[in-house]
file data_15.txt (compact mmCIF, C-alpha atoms)
# COMPACT_ATOMS: atom_id res chain seq x y z
CA MET A 65 4.10 -23.69 -12.84
CA ASN A 66 5.97 -26.43 -11.06
CA LEU A 67 5.69 -29.69 -12.97
CA PRO A 68 7.73 -32.73 -11.83
CA LYS A 69 10.12 -34.30 -14.32
CA PHE A 70 9.25 -37.62 -15.93
CA GLU A 71 10.80 -40.57 -14.13
CA LEU A 72 12.15 -42.93 -16.77
CA PRO A 73 13.23 -46.51 -16.10
CA VAL A 74 16.98 -47.03 -15.72
CA TRP A 75 17.44 -48.50 -19.21
CA MET A 76 15.76 -45.41 -20.82
CA LYS A 77 17.64 -42.59 -19.04
CA GLU A 78 20.14 -42.14 -21.87
CA GLY A 79 19.95 -41.43 -25.58
CA GLU A 80 16.97 -40.38 -27.66
CA THR A 81 14.38 -41.42 -25.06
CA ALA A 82 15.87 -39.04 -22.48
CA LYS A 83 15.89 -36.20 -25.05
CA LEU A 84 12.27 -36.94 -25.93
CA ALA A 85 11.32 -36.87 -22.22
CA ALA A 86 13.04 -33.47 -21.79
CA VAL A 87 11.23 -32.02 -24.81
CA ALA A 88 7.90 -33.42 -23.61
CA HIS A 89 8.52 -31.88 -20.17
CA GLN A 90 9.17 -28.44 -21.73
CA TRP A 91 6.04 -28.77 -23.89
CA PHE A 92 3.85 -29.64 -20.90
CA LEU A 93 5.27 -26.65 -18.98
CA LYS A 94 4.33 -24.37 -21.86
CA PHE A 95 0.91 -26.04 -22.16
CA ALA A 96 0.29 -25.53 -18.42
CA ASP A 97 1.19 -21.87 -18.82
CA TRP A 98 -1.32 -21.54 -21.66
CA ALA A 99 -3.98 -23.34 -19.61
CA MET A 100 -3.39 -21.03 -16.61
CA TRP A 101 -3.63 -17.83 -18.67
CA PRO A 102 -7.39 -17.34 -18.11
CA VAL A 103 -6.97 -17.88 -14.36
CA LYS A 104 -4.15 -15.31 -14.24
CA GLN A 105 -6.48 -12.77 -15.85
CA LEU A 106 -8.73 -12.83 -12.78
CA ASP A 107 -5.99 -11.40 -10.55
CA PRO A 108 -5.64 -7.60 -10.93
CA MET A 109 -1.94 -7.80 -10.05
CA THR A 110 -1.06 -10.15 -12.96
CA CYS A 111 -3.69 -9.60 -15.64
CA SER A 112 -3.20 -7.69 -18.87
CA GLU A 113 -3.90 -3.97 -18.83
CA LYS A 114 -7.05 -4.30 -20.98
CA VAL A 115 -8.52 -6.89 -18.62
CA LEU A 116 -7.48 -4.70 -15.68
CA ASP A 117 -9.56 -1.85 -17.13
CA LEU A 118 -12.59 -4.17 -17.29
CA ILE A 119 -12.11 -5.32 -13.70
CA ALA A 120 -11.68 -1.68 -12.63
CA TRP A 121 -14.91 -0.71 -14.38
CA GLN A 122 -16.68 -3.57 -12.60
CA ARG A 123 -15.33 -2.34 -9.23
CA ASP A 124 -16.06 1.36 -9.91
CA ILE A 125 -12.42 2.46 -10.10
CA ASP A 126 -11.28 5.10 -12.59
CA ARG A 127 -7.62 5.60 -13.41
CA PHE A 128 -6.53 9.20 -12.92
CA ASP A 129 -4.24 10.97 -15.39
CA ILE A 130 -0.76 10.39 -13.97
CA GLU A 131 -1.46 7.22 -12.00
CA PRO A 132 1.29 4.57 -12.23
CA LEU A 133 0.19 1.11 -13.32
CA GLU A 134 1.23 -0.55 -10.03
CA LEU A 135 -0.86 1.88 -7.97
CA TYR A 136 -3.81 1.37 -10.33
CA ARG A 137 -3.48 -2.40 -9.86
CA LEU A 138 -3.41 -1.93 -6.06
CA ARG A 139 -6.52 0.26 -6.11
CA VAL A 140 -8.40 -2.29 -8.23
CA ARG A 141 -7.20 -5.19 -6.07
CA HIS A 142 -8.36 -3.57 -2.82
CA ALA A 143 -11.54 -1.96 -4.19
CA TYR A 144 -13.95 -4.20 -2.27
CA ALA A 145 -12.08 -3.91 1.04
CA ASN A 146 -11.76 -0.14 0.60
CA ALA A 147 -15.48 0.17 -0.10
CA MET A 148 -16.27 -1.76 3.08
CA ASP A 149 -13.87 0.34 5.18
CA THR A 150 -15.16 3.70 4.01
CA GLY A 151 -17.00 5.90 6.48
CA SER A 152 -15.00 5.24 9.63
CA VAL A 153 -11.76 6.67 10.95
CA ALA A 154 -10.18 3.22 11.40
CA GLY A 155 -11.32 2.17 7.93
CA PHE A 156 -9.92 5.30 6.31
CA LYS A 157 -6.56 4.60 7.98
CA LYS A 158 -6.66 1.03 6.59
CA ILE A 159 -7.29 2.39 3.09
CA PHE A 160 -4.25 4.65 3.35
CA LYS A 161 -2.10 1.76 4.59
CA ARG A 162 -3.28 -0.64 1.85
CA LEU A 163 -2.42 1.82 -0.90
CA GLY A 164 1.03 2.54 0.44
CA ILE A 165 0.47 6.10 1.61
CA GLY A 166 1.39 5.20 5.16
CA TYR A 167 0.53 6.69 8.55
CA VAL A 168 -2.27 9.25 8.76
CA GLU A 169 -4.00 10.98 11.65
CA ILE A 170 -7.64 12.02 11.31
CA GLU A 171 -9.17 14.79 13.40
CA GLU A 172 -12.92 15.33 13.52
CA ARG A 173 -15.22 17.78 15.32
CA MET A 174 -12.53 20.14 16.52
CA ASP A 175 -13.30 23.03 18.84
CA GLY A 176 -13.71 26.34 17.05
CA LEU A 177 -14.43 24.78 13.64
CA ASP A 178 -17.63 23.69 11.95
CA TRP A 179 -18.74 20.12 12.72
CA ASP A 180 -18.27 18.97 9.10
CA VAL A 181 -14.54 19.76 8.85
CA ILE A 182 -12.11 16.83 8.91
CA HIS A 183 -8.36 17.34 9.02
CA LEU A 184 -5.98 14.72 7.67
CA ARG A 185 -2.51 14.95 9.19
CA LEU A 186 0.23 13.65 6.88
CA SER A 187 3.94 14.21 6.47
CA ALA A 188 5.11 16.66 3.82
CA THR A 189 6.56 13.87 1.68
CA GLN A 190 3.32 11.85 1.82
CA LEU A 191 1.38 14.88 0.69
CA ALA A 192 3.82 15.77 -2.09
CA GLU A 193 4.16 12.22 -3.46
CA ASN A 194 0.45 11.33 -3.35
CA GLU A 195 -1.38 14.59 -4.02
CA SER A 196 -3.51 13.28 -6.92
CA LEU A 197 -4.19 9.97 -5.18
CA LEU A 198 -5.32 11.71 -1.99
CA ALA A 199 -7.78 13.84 -3.94
CA VAL A 200 -9.20 10.73 -5.64
CA LEU A 201 -9.45 8.83 -2.34
CA ILE A 202 -11.29 11.67 -0.62
CA GLN A 203 -13.67 12.02 -3.55
CA HIS A 204 -14.33 8.28 -3.78
CA TYR A 205 -14.19 7.11 -0.15
CA GLY A 206 -14.62 10.31 1.85
CA ARG A 207 -17.71 10.97 3.90
CA THR A 208 -20.56 12.76 2.22
CA CYS A 209 -21.15 16.40 3.16
CA ARG A 210 -17.76 16.79 4.80
CA ARG A 211 -14.97 19.23 4.09
CA TYR A 212 -11.44 17.89 4.21
CA GLY A 213 -8.27 19.79 4.98
CA TRP A 214 -4.60 18.90 5.18
CA LYS A 215 -2.28 19.37 8.10
CA VAL A 216 1.40 18.62 7.67
CA ILE A 217 3.26 16.64 10.31
CA THR A 218 6.94 17.53 10.44
CA SER A 219 9.34 15.43 12.44
CA ILE A 220 12.12 17.36 14.09
CA PRO A 221 15.10 15.55 15.58
CA ILE A 222 15.65 16.48 19.22
CA GLU A 223 18.69 15.76 21.34
CA ILE A 224 18.30 15.46 25.09
CA GLN A 225 21.21 15.30 27.47
CA VAL A 226 20.74 13.73 30.89
CA VAL A 227 22.96 15.21 33.60
CA GLU A 228 22.96 14.41 37.29
CA PHE A 229 22.36 17.37 39.55
CA ALA A 230 23.16 16.53 43.16
CA ASN A 231 22.15 19.93 44.59
CA ASP A 232 25.45 20.29 46.43
CA SER A 233 25.14 22.84 49.26
CA LEU A 234 28.74 23.95 48.92
CA THR A 235 28.14 25.08 45.34
CA GLY A 236 25.15 27.05 46.49
CA LEU A 237 27.19 28.72 49.24
CA ALA A 238 29.97 29.59 46.85
CA ILE A 239 27.55 31.40 44.59
CA LEU A 240 26.03 33.33 47.49
CA GLU A 241 29.42 34.40 48.86
CA GLU A 242 30.50 36.01 45.62
call {"tool": "encode", "arguments": {"input": "data_15.txt", "output": "structure tokens"}}
result
Amino acid sequence: MNLPKFELPVWMKEGETAKLAAVAHQWFLKFADWAMWPVKQLDPMTCSEKVLDLIAWQRDIDRFDIEPLELYRLRVRHAYANAMDTGSVAGFKKIFKRLGIGYVEIEERMDGLDWDVIHLRLSATQLAENESLLAVLIQHYGRTCRRYGWKVITSIPIEIQVVEFANDSLTGLAILEE
């Protein structure tokens, strides 16, 4: 909390009065912190863990076994937005971005596969680091009566060299003469 210092008159800026003003300022800072405690408990990112569990229950979020506290706080914080975005490809991508998973490609109704199969294309590191979270997200926000599968995107560095080829006729003749 940012509380301005007391402005004392010139004749009171020294001695015991100045010390008393400094102590009073510290006390009011502490009092403001105590007064703001209930308000801080409404924010899932700053509340105590017990209050976070209550907010999560209210928003239909269950903490899975190995879930870090920061990820749990993010899931609770974005529960309403995630619930609104469920059911669409663009919404599912927003959910993944909000929770820090990153870029995802979603393929639906592919030729040669049943209509209810959906493939999620992720990088190998995304899949390895978020395996439990991905399972929870699909169970909670995935479309009903759909089967989900993973496809791994692997980036491969490629080097391309650009060279000018002038199609010189003399070079062509030299090859034919040999």
call {"tool": "closest_atom_pairs", "arguments": {"input": "data_15.txt", "of": "stretch 129-169 of chain A", "to": "stretch 109-117 of chain A", "cutoff": "10 Å", "atoms": "only C-alpha atoms", "output": "JSON lines"}}
result
{"residue": "A:Leu133", "atom": "CA", "partner": "A:Glu113", "partner_atom": "CA", "distance": 8.5}
{"residue": "A:Glu134", "atom": "CA", "partner": "A:Met109", "partner_atom": "CA", "distance": 7.9}
{"residue": "A:Leu135", "atom": "CA", "partner": "A:Met109", "partner_atom": "CA", "distance": 10.0}
{"residue": "A:Tyr136", "atom": "CA", "partner": "A:Leu116", "partner_atom": "CA", "distance": 8.9}
{"residue": "A:Arg137", "atom": "CA", "partner": "A:Met109", "partner_atom": "CA", "distance": 5.6}
{"residue": "A:Leu138", "atom": "CA", "partner": "A:Met109", "partner_atom": "CA", "distance": 7.2}
{"residue": "A:Val140", "atom": "CA", "partner": "A:Leu116", "partner_atom": "CA", "distance": 7.9}
{"residue": "A:Arg141", "atom": "CA", "partner": "A:Met109", "partner_atom": "CA", "distance": 7.1}
call {"tool": "atom_distance", "arguments": {"input": "data_15.txt", "atom1": "atom CA of A:Lys215", "atom2": "atom CA of A:Leu201"}}
result
16.5 Å
call {"tool": "closest_residue", "arguments": {"input": "data_15.txt", "among": "A:Asn66, A:Gln90, A:Asn146, A:Thr208", "to": "A:Val181", "atoms": "only C-alpha atoms"}}
result
A:Thr208
call {"tool": "atom_distance", "arguments": {"input": "data_15.txt", "atom1": "atom CA of A:Arg123", "atom2": "atom CA of A:Tyr144"}}
result
7.3 Å
call {"tool": "closest_residue", "arguments": {"input": "data_15.txt", "among": "A:Val227, A:Arg210, A:Val200, A:Ala143", "to": "A:Asp124", "atoms": "only C-alpha atoms"}}
result
A:Ala143
call {"tool": "closest_residue", "arguments": {"input": "data_15.txt", "among": "A:Tyr205, A:Ser196, A:Asp97, A:Leu84", "to": "A:Met148", "atoms": "only C-alpha atoms"}}
result
A:Tyr205
call {"tool": "residues_around", "arguments": {"input": "data_15.txt", "residues": "A:Lys157", "least_positions_apart": "2", "cutoff": "9 Å", "atoms": "all atoms listed in the file", "output": "ChimeraX atom specification"}}
result
/A:149,152-155,159-162,166-170
call {"tool": "write_last_selection", "arguments": {"input": "data_15.txt", "atoms": "C-alpha atoms", "output": "compact mmCIF listing (two decimals), keeping the file's coordinate frame"}}
result
# COMPACT_ATOMS: atom_id res chain seq x y z
CA ASP A 149 -13.87 0.34 5.18
CA SER A 152 -15.00 5.24 9.63
CA VAL A 153 -11.76 6.67 10.95
CA ALA A 154 -10.18 3.22 11.40
CA GLY A 155 -11.32 2.17 7.93
CA ILE A 159 -7.29 2.39 3.09
CA PHE A 160 -4.25 4.65 3.35
CA LYS A 161 -2.10 1.76 4.59
CA ARG A 162 -3.28 -0.64 1.85
CA GLY A 166 1.39 5.20 5.16
CA TYR A 167 0.53 6.69 8.55
CA VAL A 168 -2.27 9.25 8.76
CA GLU A 169 -4.00 10.98 11.65
CA ILE A 170 -7.64 12.02 11.31
call {"tool": "atom_distance", "arguments": {"input": "data_15.txt", "atom1": "atom CA of A:Gly213", "atom2": "atom CA of A:Asp129"}}
result
22.6 Å
call {"tool": "closest_residue", "arguments": {"input": "data_15.txt", "among": "A:Lys94, A:His142, A:Lys77, A:Lys83", "to": "A:Asp107", "atoms": "all atoms listed in the file"}}
result
A:His142
call {"tool": "closest_residue", "arguments": {"input": "data_15.txt", "among": "A:Phe128, A:Arg207, A:Ala120, A:Gly164", "to": "A:Pro108", "atoms": "only C-alpha atoms"}}
result
A:Ala120
call {"tool": "closest_residue", "arguments": {"input": "data_15.txt", "among": "A:Ile165, A:Arg139, A:Thr189, A:Thr218", "to": "A:Trp121", "atoms": "all atoms listed in the file"}}
result
A:Arg139
